[in-house]
Amino acid sequence: MIVFEQVVKHYPGGYTALAGVSFEIRHGELVVLSGHSGAGKSTLMKLIPVIERPTTGTVRINGQDVSHLPRRATPYLRRNLGLVLQESRLLYDRSVFDNVMLPLVITGHPPRDAARRVAAALERVGLDGRGKERPAGLSGGEQQRVAIARAIVNRPSILIADEPTAHLDPDYARDIADLFRSFNEAGVTVLVSTHDAGLFAASRPRRLVLAKGMLVGDGAAVGAAA
Ligand SMILES: Nc1ncnc2c1ncn2[C@@H]1O[C@H](COP(=O)(O)OP(=O)(O)OP(=O)(O)O)[C@@H](O)[C@H]1O
């Protein structure tokens, strides 16, 4: 469960990225966050794993107020979150397998079970047998799948993805959207931001719409309108 209560985020220099945002996402929901460039989507997403903190207001994840979470406690929080953020780039000097393994290495997972989980995550995103390859040799859509496999390898209950279909050809983008739907159908709470909400319309998601740091829409998607 993700709860935002009157969340305000000012950046240094005075820019207001979020101007008092409140909503509640229940377990098992599929939520698409849309809004123009600069509306505050990335900021909202970064508040959940505490990459950024609210200036005022409260963010609660699975009942825990994370607004003032000590830095040393953030790895425990992030263990239950799958993150595909703008800044979560792949390591290009490592194999696909090593990239997906990374979160398990960080959490000190037993190596043999970790290898099994990586193989399962790669299979889940349609990249089984590709673990030895380098990310640079993969298409943009396949690289995004590696990032998604890395996000789900810890079997998170919440998956957060910031513009995962940006820069992808329409066919690849649709495949990625379908992948998020299948995670959601398997019980994962999914929050995904996009400029193209129509891409996810078939999944009948709940749509949150941000404009200038304010929540201006909250409801079921209608047709393929963006
Ligand atoms: N670290 C930062 N320091 C200062 N200002 C920032 C910072 N991060 C974001 N902003 C500003 O906050 C506003 C909201 O940015 P944010 O990235 O959340 O929007 P967005 O809706 O995700 O946009 P986009 O779709 O272009 O990624 C923007 O005007 C941006 O310039």
# chains A, B, ... in the order shown; residues from 1 in each chain; ligands from 1

$ residues_around --residues "Gly219 in chain A" --least-positions-apart "3" --cutoff "7 Å" --atoms "only C-alpha atoms" --output "mmCIF file with N, CA and C atoms, in the first residue's frame"
data_model
loop_
_atom_site.group_PDB
_atom_site.id
_atom_site.type_symbol
_atom_site.label_atom_id
_atom_site.label_comp_id
_atom_site.auth_asym_id
_atom_site.auth_seq_id
_atom_site.Cartn_x
_atom_site.Cartn_y
_atom_site.Cartn_z
ATOM 1 N N ARG A 206 -6.032 2.078 -13.192
ATOM 2 C CA ARG A 206 -6.444 3.344 -12.570
ATOM 3 C C ARG A 206 -5.461 4.393 -13.094
ATOM 4 N N ARG A 207 -5.962 5.564 -13.440
ATOM 5 C CA ARG A 207 -5.075 6.605 -13.954
ATOM 6 C C ARG A 207 -4.983 7.772 -12.998
ATOM 7 N N LEU A 208 -3.756 8.120 -12.640
ATOM 8 C CA LEU A 208 -3.508 9.352 -11.887
ATOM 9 C C LEU A 208 -2.896 10.338 -12.865
#

$ residues_near_ligand --ligand "ligand 1" --cutoff "9 Å" --atoms "only C-alpha atoms and all ligand atoms" --output "PyMOL selection string"
chain A and resi 9-18+34-46+52+86+162-163+193-195+210-213

$ write_last_selection --atoms "N, CA and C atoms" --output "compact mmCIF listing (two decimals), in the first residue's frame"
# COMPACT_ATOMS: atom_id res chain seq x y z
N LYS A 9 6.82 18.99 -2.44
CA LYS A 9 8.26 18.86 -2.66
C LYS A 9 8.77 20.13 -3.33
N HIS A 10 9.58 20.86 -2.59
CA HIS A 10 10.31 22.00 -3.16
C HIS A 10 11.74 21.54 -3.39
N TYR A 11 12.30 21.88 -4.55
CA TYR A 11 13.72 21.62 -4.77
C TYR A 11 14.51 22.85 -4.38
N PRO A 12 15.80 22.66 -4.06
CA PRO A 12 16.64 23.82 -3.76
C PRO A 12 16.54 24.81 -4.92
N GLY A 13 16.44 26.05 -4.62
CA GLY A 13 16.23 27.04 -5.68
C GLY A 13 14.76 27.44 -5.71
N GLY A 14 13.93 26.68 -4.95
CA GLY A 14 12.55 27.11 -4.76
C GLY A 14 11.54 26.50 -5.70
N TYR A 15 11.98 25.64 -6.66
CA TYR A 15 11.00 25.09 -7.59
C TYR A 15 10.07 24.10 -6.88
N THR A 16 8.76 24.26 -7.07
CA THR A 16 7.79 23.37 -6.44
C THR A 16 7.43 22.26 -7.43
N ALA A 17 7.95 21.06 -7.19
CA ALA A 17 7.68 19.94 -8.09
C ALA A 17 6.35 19.27 -7.75
N LEU A 18 6.02 19.21 -6.44
CA LEU A 18 4.72 18.68 -6.00
C LEU A 18 4.11 19.68 -5.04
N SER A 34 0.30 9.78 -15.38
CA SER A 34 0.63 10.53 -16.58
C SER A 34 0.61 12.02 -16.28
N GLY A 35 1.06 12.79 -17.25
CA GLY A 35 1.18 14.24 -17.08
C GLY A 35 2.29 14.74 -17.98
N HIS A 36 2.23 16.03 -18.26
CA HIS A 36 3.23 16.60 -19.17
C HIS A 36 4.62 16.56 -18.55
N SER A 37 5.61 16.78 -19.41
CA SER A 37 6.97 16.87 -18.94
C SER A 37 7.08 17.97 -17.88
N GLY A 38 7.71 17.65 -16.76
CA GLY A 38 7.86 18.62 -15.69
C GLY A 38 6.70 18.65 -14.71
N ALA A 39 5.69 17.79 -14.91
CA ALA A 39 4.50 17.80 -14.05
C ALA A 39 4.80 17.28 -12.65
N GLY A 40 5.90 16.52 -12.52
CA GLY A 40 6.27 16.03 -11.19
C GLY A 40 6.25 14.51 -11.06
N LYS A 41 6.11 13.80 -12.18
CA LYS A 41 5.97 12.34 -12.14
C LYS A 41 7.22 11.67 -11.54
N SER A 42 8.39 12.06 -12.04
CA SER A 42 9.63 11.42 -11.54
C SER A 42 9.82 11.75 -10.07
N THR A 43 9.51 12.98 -9.69
CA THR A 43 9.66 13.37 -8.29
C THR A 43 8.77 12.50 -7.40
N LEU A 44 7.51 12.33 -7.83
CA LEU A 44 6.57 11.51 -7.04
C LEU A 44 7.13 10.10 -6.86
N MET A 45 7.67 9.54 -7.95
CA MET A 45 8.18 8.16 -7.87
C MET A 45 9.42 8.05 -6.98
N LYS A 46 10.26 9.08 -7.02
CA LYS A 46 11.50 9.03 -6.22
C LYS A 46 11.22 9.13 -4.72
N GLU A 52 14.30 10.80 -2.93
CA GLU A 52 14.01 12.17 -2.49
C GLU A 52 13.08 12.08 -1.29
N GLN A 86 14.59 6.41 -14.05
CA GLN A 86 15.38 7.00 -15.15
C GLN A 86 16.87 6.80 -14.92
N ASP A 162 9.43 4.33 -13.99
CA ASP A 162 9.33 5.69 -14.49
C ASP A 162 9.62 5.70 -16.00
N GLU A 163 8.60 5.91 -16.78
CA GLU A 163 8.72 5.97 -18.25
C GLU A 163 9.46 4.76 -18.83
N SER A 193 4.78 5.27 -14.79
CA SER A 193 4.52 6.58 -15.38
C SER A 193 4.78 6.51 -16.88
N THR A 194 4.03 7.29 -17.61
CA THR A 194 4.18 7.30 -19.07
C THR A 194 3.61 8.57 -19.65
N HIS A 195 4.15 8.94 -20.81
CA HIS A 195 3.53 10.02 -21.58
C HIS A 195 2.38 9.48 -22.42
N LEU A 210 -1.06 14.09 -13.24
CA LEU A 210 -0.42 15.23 -12.58
C LEU A 210 -0.32 16.40 -13.55
N ALA A 211 -0.53 17.61 -13.04
CA ALA A 211 -0.28 18.82 -13.83
C ALA A 211 0.29 19.86 -12.88
N LYS A 212 1.46 20.36 -13.21
CA LYS A 212 2.13 21.38 -12.38
C LYS A 212 2.15 21.00 -10.91
N GLY A 213 2.48 19.75 -10.64
CA GLY A 213 2.64 19.32 -9.25
C GLY A 213 1.36 19.06 -8.50

$ closest_residue --among "A:Ala119, A:Ile51, A:Leu159, A:Ala173" --to "Gln144 in chain A" --atoms "only C-alpha atoms"
A:Ala173

$ atom_distance --atom1 "CA of Tyr76 in chain A" --atom2 "CA of Val153 in chain A"
15.2 Å

$ residues_around --residues "Ala177 in chain A" --least-positions-apart "5" --cutoff "9 Å" --atoms "only C-alpha atoms" --output "number ranges by chain"
A: 164-165, 172, 182, 199-200, 203

$ write_last_selection --atoms "C-alpha atoms" --output "PDB file, in the first residue's frame"
ATOM      1  CA  PRO A 164       9.789   2.381 -18.999  1.00  0.00           C
ATOM      2  CA  THR A 165       8.566   2.654 -22.592  1.00  0.00           C
ATOM      3  CA  TYR A 172       8.502  -2.968 -28.054  1.00  0.00           C
ATOM      4  CA  SER A 182       1.266  -9.732 -16.324  1.00  0.00           C
ATOM      5  CA  LEU A 199      -0.363   2.067 -24.197  1.00  0.00           C
ATOM      6  CA  PHE A 200      -1.739   0.614 -20.975  1.00  0.00           C
ATOM      7  CA  SER A 203      -5.094  -3.303 -18.824  1.00  0.00           C
TER       8      SER A 203
END

$ closest_residue --among "A:Thr55, A:Ala151, A:Val32, A:Arg130" --to "Ala197 in chain A" --atoms "only C-alpha atoms"
A:Val32

$ select_by_dssp --residues "range 104-208 of chain A" --states "alpha helix (DSSP H)" --output "number ranges by chain"
A: 104-106, 111-124, 140-152, 170-185

$ write_last_selection --atoms "N, CA and C atoms" --output "short mmCIF file (atom, residue, chain, number, x, y, z; two decimals), in the first residue's frame"
data_model
loop_
_atom_site.label_atom_id
_atom_site.label_comp_id
_atom_site.auth_asym_id
_atom_site.auth_seq_id
_atom_site.Cartn_x
_atom_site.Cartn_y
_atom_site.Cartn_z
N LEU A 104 20.74 -8.83 -5.63
CA LEU A 104 20.89 -9.98 -4.73
C LEU A 104 22.29 -9.99 -4.10
N VAL A 105 23.27 -9.50 -4.85
CA VAL A 105 24.63 -9.38 -4.31
C VAL A 105 24.61 -8.34 -3.18
N ILE A 106 23.92 -7.22 -3.44
CA ILE A 106 23.86 -6.14 -2.45
C ILE A 106 23.19 -6.62 -1.16
N PRO A 111 24.59 -17.38 -2.98
CA PRO A 111 24.88 -17.38 -4.42
C PRO A 111 24.09 -18.39 -5.25
N ARG A 112 23.94 -19.63 -4.74
CA ARG A 112 23.30 -20.61 -5.61
C ARG A 112 21.83 -20.28 -5.84
N ASP A 113 21.15 -19.87 -4.76
CA ASP A 113 19.74 -19.49 -4.91
C ASP A 113 19.62 -18.22 -5.74
N ALA A 114 20.61 -17.31 -5.59
CA ALA A 114 20.60 -16.07 -6.37
C ALA A 114 20.66 -16.39 -7.86
N ALA A 115 21.52 -17.34 -8.24
CA ALA A 115 21.65 -17.70 -9.66
C ALA A 115 20.32 -18.25 -10.18
N ARG A 116 19.65 -19.04 -9.37
CA ARG A 116 18.34 -19.57 -9.77
C ARG A 116 17.33 -18.45 -9.98
N ARG A 117 17.38 -17.49 -9.06
CA ARG A 117 16.42 -16.37 -9.17
C ARG A 117 16.69 -15.52 -10.39
N VAL A 118 17.96 -15.31 -10.70
CA VAL A 118 18.31 -14.52 -11.89
C VAL A 118 17.79 -15.22 -13.13
N ALA A 119 18.02 -16.53 -13.21
CA ALA A 119 17.54 -17.29 -14.37
C ALA A 119 16.02 -17.18 -14.48
N ALA A 120 15.31 -17.26 -13.33
CA ALA A 120 13.85 -17.17 -13.35
C ALA A 120 13.39 -15.78 -13.80
N ALA A 121 14.11 -14.75 -13.32
CA ALA A 121 13.73 -13.37 -13.68
C ALA A 121 13.95 -13.14 -15.18
N LEU A 122 15.06 -13.67 -15.72
CA LEU A 122 15.33 -13.51 -17.15
C LEU A 122 14.28 -14.24 -17.98
N GLU A 123 13.89 -15.40 -17.50
CA GLU A 123 12.86 -16.15 -18.22
C GLU A 123 11.53 -15.37 -18.20
N ARG A 124 11.26 -14.77 -17.04
CA ARG A 124 10.00 -14.03 -16.85
C ARG A 124 9.86 -12.87 -17.84
N GLY A 140 17.03 -1.81 -27.65
CA GLY A 140 16.53 -0.94 -26.58
C GLY A 140 15.46 -1.63 -25.75
N GLY A 141 14.55 -2.36 -26.43
CA GLY A 141 13.48 -3.06 -25.73
C GLY A 141 14.03 -4.17 -24.85
N GLU A 142 15.05 -4.87 -25.36
CA GLU A 142 15.65 -5.95 -24.57
C GLU A 142 16.41 -5.39 -23.37
N GLN A 143 17.09 -4.25 -23.57
CA GLN A 143 17.80 -3.63 -22.44
C GLN A 143 16.80 -3.23 -21.35
N GLN A 144 15.64 -2.74 -21.78
CA GLN A 144 14.64 -2.36 -20.79
C GLN A 144 14.14 -3.61 -20.05
N ARG A 145 14.08 -4.74 -20.75
CA ARG A 145 13.69 -5.99 -20.10
C ARG A 145 14.72 -6.42 -19.05
N VAL A 146 16.00 -6.16 -19.34
CA VAL A 146 17.04 -6.47 -18.36
C VAL A 146 16.80 -5.62 -17.10
N ALA A 147 16.52 -4.34 -17.31
CA ALA A 147 16.27 -3.45 -16.16
C ALA A 147 15.05 -3.93 -15.37
N ILE A 148 14.05 -4.44 -16.08
CA ILE A 148 12.84 -4.92 -15.40
C ILE A 148 13.15 -6.22 -14.65
N ALA A 149 13.94 -7.10 -15.27
CA ALA A 149 14.33 -8.35 -14.59
C ALA A 149 15.09 -8.02 -13.31
N ARG A 150 15.96 -7.02 -13.38
CA ARG A 150 16.73 -6.61 -12.19
C ARG A 150 15.78 -6.07 -11.11
N ALA A 151 14.72 -5.38 -11.55
CA ALA A 151 13.77 -4.82 -10.58
C ALA A 151 12.94 -5.90 -9.89
N ILE A 152 12.68 -7.01 -10.59
CA ILE A 152 11.77 -8.02 -9.99
C ILE A 152 12.51 -9.19 -9.36
N PRO A 170 6.98 1.40 -31.06
CA PRO A 170 5.64 1.05 -30.55
C PRO A 170 5.47 -0.43 -30.21
N ASP A 171 6.02 -1.32 -31.05
CA ASP A 171 5.84 -2.77 -30.77
C ASP A 171 6.53 -3.16 -29.47
N TYR A 172 7.76 -2.68 -29.29
CA TYR A 172 8.50 -2.97 -28.05
C TYR A 172 7.77 -2.37 -26.86
N ALA A 173 7.26 -1.15 -27.05
CA ALA A 173 6.57 -0.46 -25.96
C ALA A 173 5.35 -1.26 -25.52
N ARG A 174 4.61 -1.78 -26.51
CA ARG A 174 3.41 -2.58 -26.18
C ARG A 174 3.80 -3.84 -25.41
N ASP A 175 4.90 -4.47 -25.83
CA ASP A 175 5.37 -5.68 -25.14
C ASP A 175 5.69 -5.38 -23.68
N ILE A 176 6.35 -4.24 -23.47
CA ILE A 176 6.72 -3.87 -22.09
C ILE A 176 5.46 -3.59 -21.27
N ALA A 177 4.49 -2.90 -21.89
CA ALA A 177 3.23 -2.62 -21.18
C ALA A 177 2.55 -3.93 -20.81
N ASP A 178 2.56 -4.91 -21.73
CA ASP A 178 1.95 -6.22 -21.45
C ASP A 178 2.66 -6.92 -20.29
N LEU A 179 3.98 -6.74 -20.25
CA LEU A 179 4.77 -7.36 -19.19
C LEU A 179 4.34 -6.82 -17.82
N PHE A 180 4.15 -5.50 -17.74
CA PHE A 180 3.71 -4.92 -16.47
C PHE A 180 2.32 -5.43 -16.10
N ARG A 181 1.47 -5.59 -17.12
CA ARG A 181 0.14 -6.12 -16.82
C ARG A 181 0.25 -7.53 -16.25
N SER A 182 1.16 -8.35 -16.81
CA SER A 182 1.27 -9.73 -16.32
C SER A 182 1.81 -9.77 -14.90
N PHE A 183 2.72 -8.85 -14.55
CA PHE A 183 3.18 -8.79 -13.16
C PHE A 183 2.02 -8.45 -12.24
N ASN A 184 1.21 -7.49 -12.68
CA ASN A 184 0.07 -7.08 -11.88
C ASN A 184 -0.91 -8.23 -11.70
N GLU A 185 -1.13 -8.99 -12.78
CA GLU A 185 -2.06 -10.12 -12.68
C GLU A 185 -1.52 -11.19 -11.74
#

$ atom_distance --atom1 "CA of Thr74 in chain A" --atom2 "CA of Gly20 in chain A"
23.7 Å

$ residues_around --residues "Val190 in chain A" --least-positions-apart "5" --cutoff "7 Å" --atoms "only C-alpha atoms" --output "short mmCIF file (atom, residue, chain, number, x, y, z; two decimals) with N, CA and C atoms, in the first residue's frame"
data_model
loop_
_atom_site.label_atom_id
_atom_site.label_comp_id
_atom_site.auth_asym_id
_atom_site.auth_seq_id
_atom_site.Cartn_x
_atom_site.Cartn_y
_atom_site.Cartn_z
N GLU A 29 -3.17 -3.08 -7.03
CA GLU A 29 -3.65 -2.16 -8.07
C GLU A 29 -2.62 -2.00 -9.19
N LEU A 30 -3.11 -1.66 -10.37
CA LEU A 30 -2.26 -1.25 -11.49
C LEU A 30 -2.59 0.22 -11.76
N VAL A 31 -1.61 1.09 -11.54
CA VAL A 31 -1.85 2.52 -11.64
C VAL A 31 -0.90 3.14 -12.67
N ILE A 158 5.81 -4.43 -4.64
CA ILE A 158 5.47 -3.19 -5.34
C ILE A 158 6.50 -2.96 -6.43
N LEU A 159 6.03 -2.66 -7.65
CA LEU A 159 6.92 -2.40 -8.78
C LEU A 159 6.65 -0.97 -9.27
N ILE A 160 7.71 -0.17 -9.33
CA ILE A 160 7.59 1.22 -9.71
C ILE A 160 8.45 1.47 -10.95
N ASN A 184 1.21 -7.49 -12.68
CA ASN A 184 0.07 -7.08 -11.88
C ASN A 184 -0.91 -8.23 -11.70
#

$ closest_residue --among "A:Ala186, A:Pro205, A:Val216, A:Ser95" --to "Pro135 in chain A" --atoms "only C-alpha atoms"
A:Ser95

$ residues_around --residues "Leu77 in chain A" --least-positions-apart "3" --cutoff "12 Å" --atoms "only C-alpha atoms" --output "number ranges by chain"
A: 47-51, 60-67, 69-74, 80-83, 107, 156-158

$ select_by_dssp --residues "range 54-162 of chain A" --states "strand (DSSP E or B)" --output "number ranges by chain"
A: 56-61, 64-65, 81-84, 158-162

$ write_last_selection --atoms "N, CA and C atoms" --output "compact mmCIF listing (two decimals), in the first residue's frame"
# COMPACT_ATOMS: atom_id res chain seq x y z
N THR A 56 7.18 18.76 2.91
CA THR A 56 6.16 18.56 3.97
C THR A 56 5.21 17.47 3.50
N GLY A 57 4.43 16.95 4.42
CA GLY A 57 3.50 15.88 4.09
C GLY A 57 4.11 14.52 4.41
N THR A 58 3.34 13.48 4.17
CA THR A 58 3.74 12.13 4.58
C THR A 58 3.62 11.15 3.43
N VAL A 59 4.64 10.28 3.34
CA VAL A 59 4.58 9.14 2.40
C VAL A 59 4.63 7.87 3.25
N ARG A 60 3.66 7.00 3.06
CA ARG A 60 3.61 5.75 3.82
C ARG A 60 3.67 4.57 2.86
N ILE A 61 4.58 3.64 3.13
CA ILE A 61 4.70 2.44 2.30
C ILE A 61 4.42 1.23 3.19
N GLN A 64 4.32 2.00 6.79
CA GLN A 64 5.47 2.66 7.42
C GLN A 64 5.64 4.08 6.87
N ASP A 65 5.73 5.04 7.77
CA ASP A 65 6.00 6.43 7.35
C ASP A 65 7.47 6.52 6.96
N LEU A 81 10.79 -3.21 -2.86
CA LEU A 81 10.34 -2.40 -3.99
C LEU A 81 11.13 -2.78 -5.23
N GLY A 82 10.44 -2.94 -6.34
CA GLY A 82 11.12 -3.10 -7.62
C GLY A 82 11.16 -1.76 -8.31
N LEU A 83 12.34 -1.30 -8.69
CA LEU A 83 12.47 0.05 -9.22
C LEU A 83 13.06 0.04 -10.63
N VAL A 84 12.34 0.69 -11.54
CA VAL A 84 12.89 0.93 -12.88
C VAL A 84 12.82 2.45 -13.06
N ILE A 158 5.81 -4.43 -4.64
CA ILE A 158 5.47 -3.19 -5.34
C ILE A 158 6.50 -2.96 -6.43
N LEU A 159 6.03 -2.66 -7.65
CA LEU A 159 6.92 -2.40 -8.78
C LEU A 159 6.65 -0.97 -9.27
N ILE A 160 7.71 -0.17 -9.33
CA ILE A 160 7.59 1.22 -9.71
C ILE A 160 8.45 1.47 -10.95
N ALA A 161 7.85 1.98 -12.01
CA ALA A 161 8.62 2.17 -13.24
C ALA A 161 8.35 3.56 -13.80
N ASP A 162 9.43 4.33 -13.99
CA ASP A 162 9.33 5.69 -14.49
C ASP A 162 9.62 5.70 -16.00

$ closest_residue --among "A:Met101, A:Val188, A:Val96, A:Leu91" --to "Gly129 in chain A" --atoms "only C-alpha atoms"
A:Val96

$ decode --residues "range 81-94 of chain A" --atoms "N, CA and C atoms" --output "CSV table (one decimal), in the first residue's frame"
chain,number,residue,atom,x,y,z
A,81,LEU,N,10.8,-3.2,-2.9
A,81,LEU,CA,10.3,-2.4,-4.0
A,81,LEU,C,11.1,-2.8,-5.2
A,82,GLY,N,10.4,-2.9,-6.3
A,82,GLY,CA,11.1,-3.1,-7.6
A,82,GLY,C,11.2,-1.8,-8.3
A,83,LEU,N,12.3,-1.3,-8.7
A,83,LEU,CA,12.5,0.1,-9.2
A,83,LEU,C,13.1,0.0,-10.6
A,84,VAL,N,12.3,0.7,-11.5
A,84,VAL,CA,12.9,0.9,-12.9
A,84,VAL,C,12.8,2.4,-13.1
A,85,LEU,N,13.9,3.1,-12.6
A,85,LEU,CA,13.9,4.6,-12.6
A,85,LEU,C,14.7,5.1,-13.8
A,86,GLN,N,14.6,6.4,-14.1
A,86,GLN,CA,15.4,7.0,-15.2
A,86,GLN,C,16.9,6.8,-14.9
A,87,GLU,N,17.3,6.9,-13.6
A,87,GLU,CA,18.7,6.8,-13.4
A,87,GLU,C,19.2,5.4,-13.1
A,88,SER,N,18.3,4.4,-13.2
A,88,SER,CA,18.8,3.0,-12.9
A,88,SER,C,19.3,2.4,-14.2
A,89,ARG,N,20.5,2.9,-14.6
A,89,ARG,CA,21.1,2.4,-15.8
A,89,ARG,C,21.7,1.1,-15.7
A,90,LEU,N,21.9,0.4,-16.8
A,90,LEU,CA,22.6,-0.9,-16.7
A,90,LEU,C,24.1,-0.7,-16.7
A,91,LEU,N,24.8,-1.7,-16.2
A,91,LEU,CA,26.2,-1.7,-16.2
A,91,LEU,C,26.7,-2.3,-17.5
A,92,TYR,N,27.3,-1.5,-18.3
A,92,TYR,CA,27.6,-2.0,-19.7
A,92,TYR,C,28.9,-2.8,-19.7
A,93,ASP,N,29.7,-2.8,-18.7
A,93,ASP,CA,30.9,-3.6,-18.7
A,93,ASP,C,30.6,-5.0,-18.0
A,94,ARG,N,29.3,-5.3,-17.7
A,94,ARG,CA,29.0,-6.5,-17.0
A,94,ARG,C,28.0,-7.3,-17.9
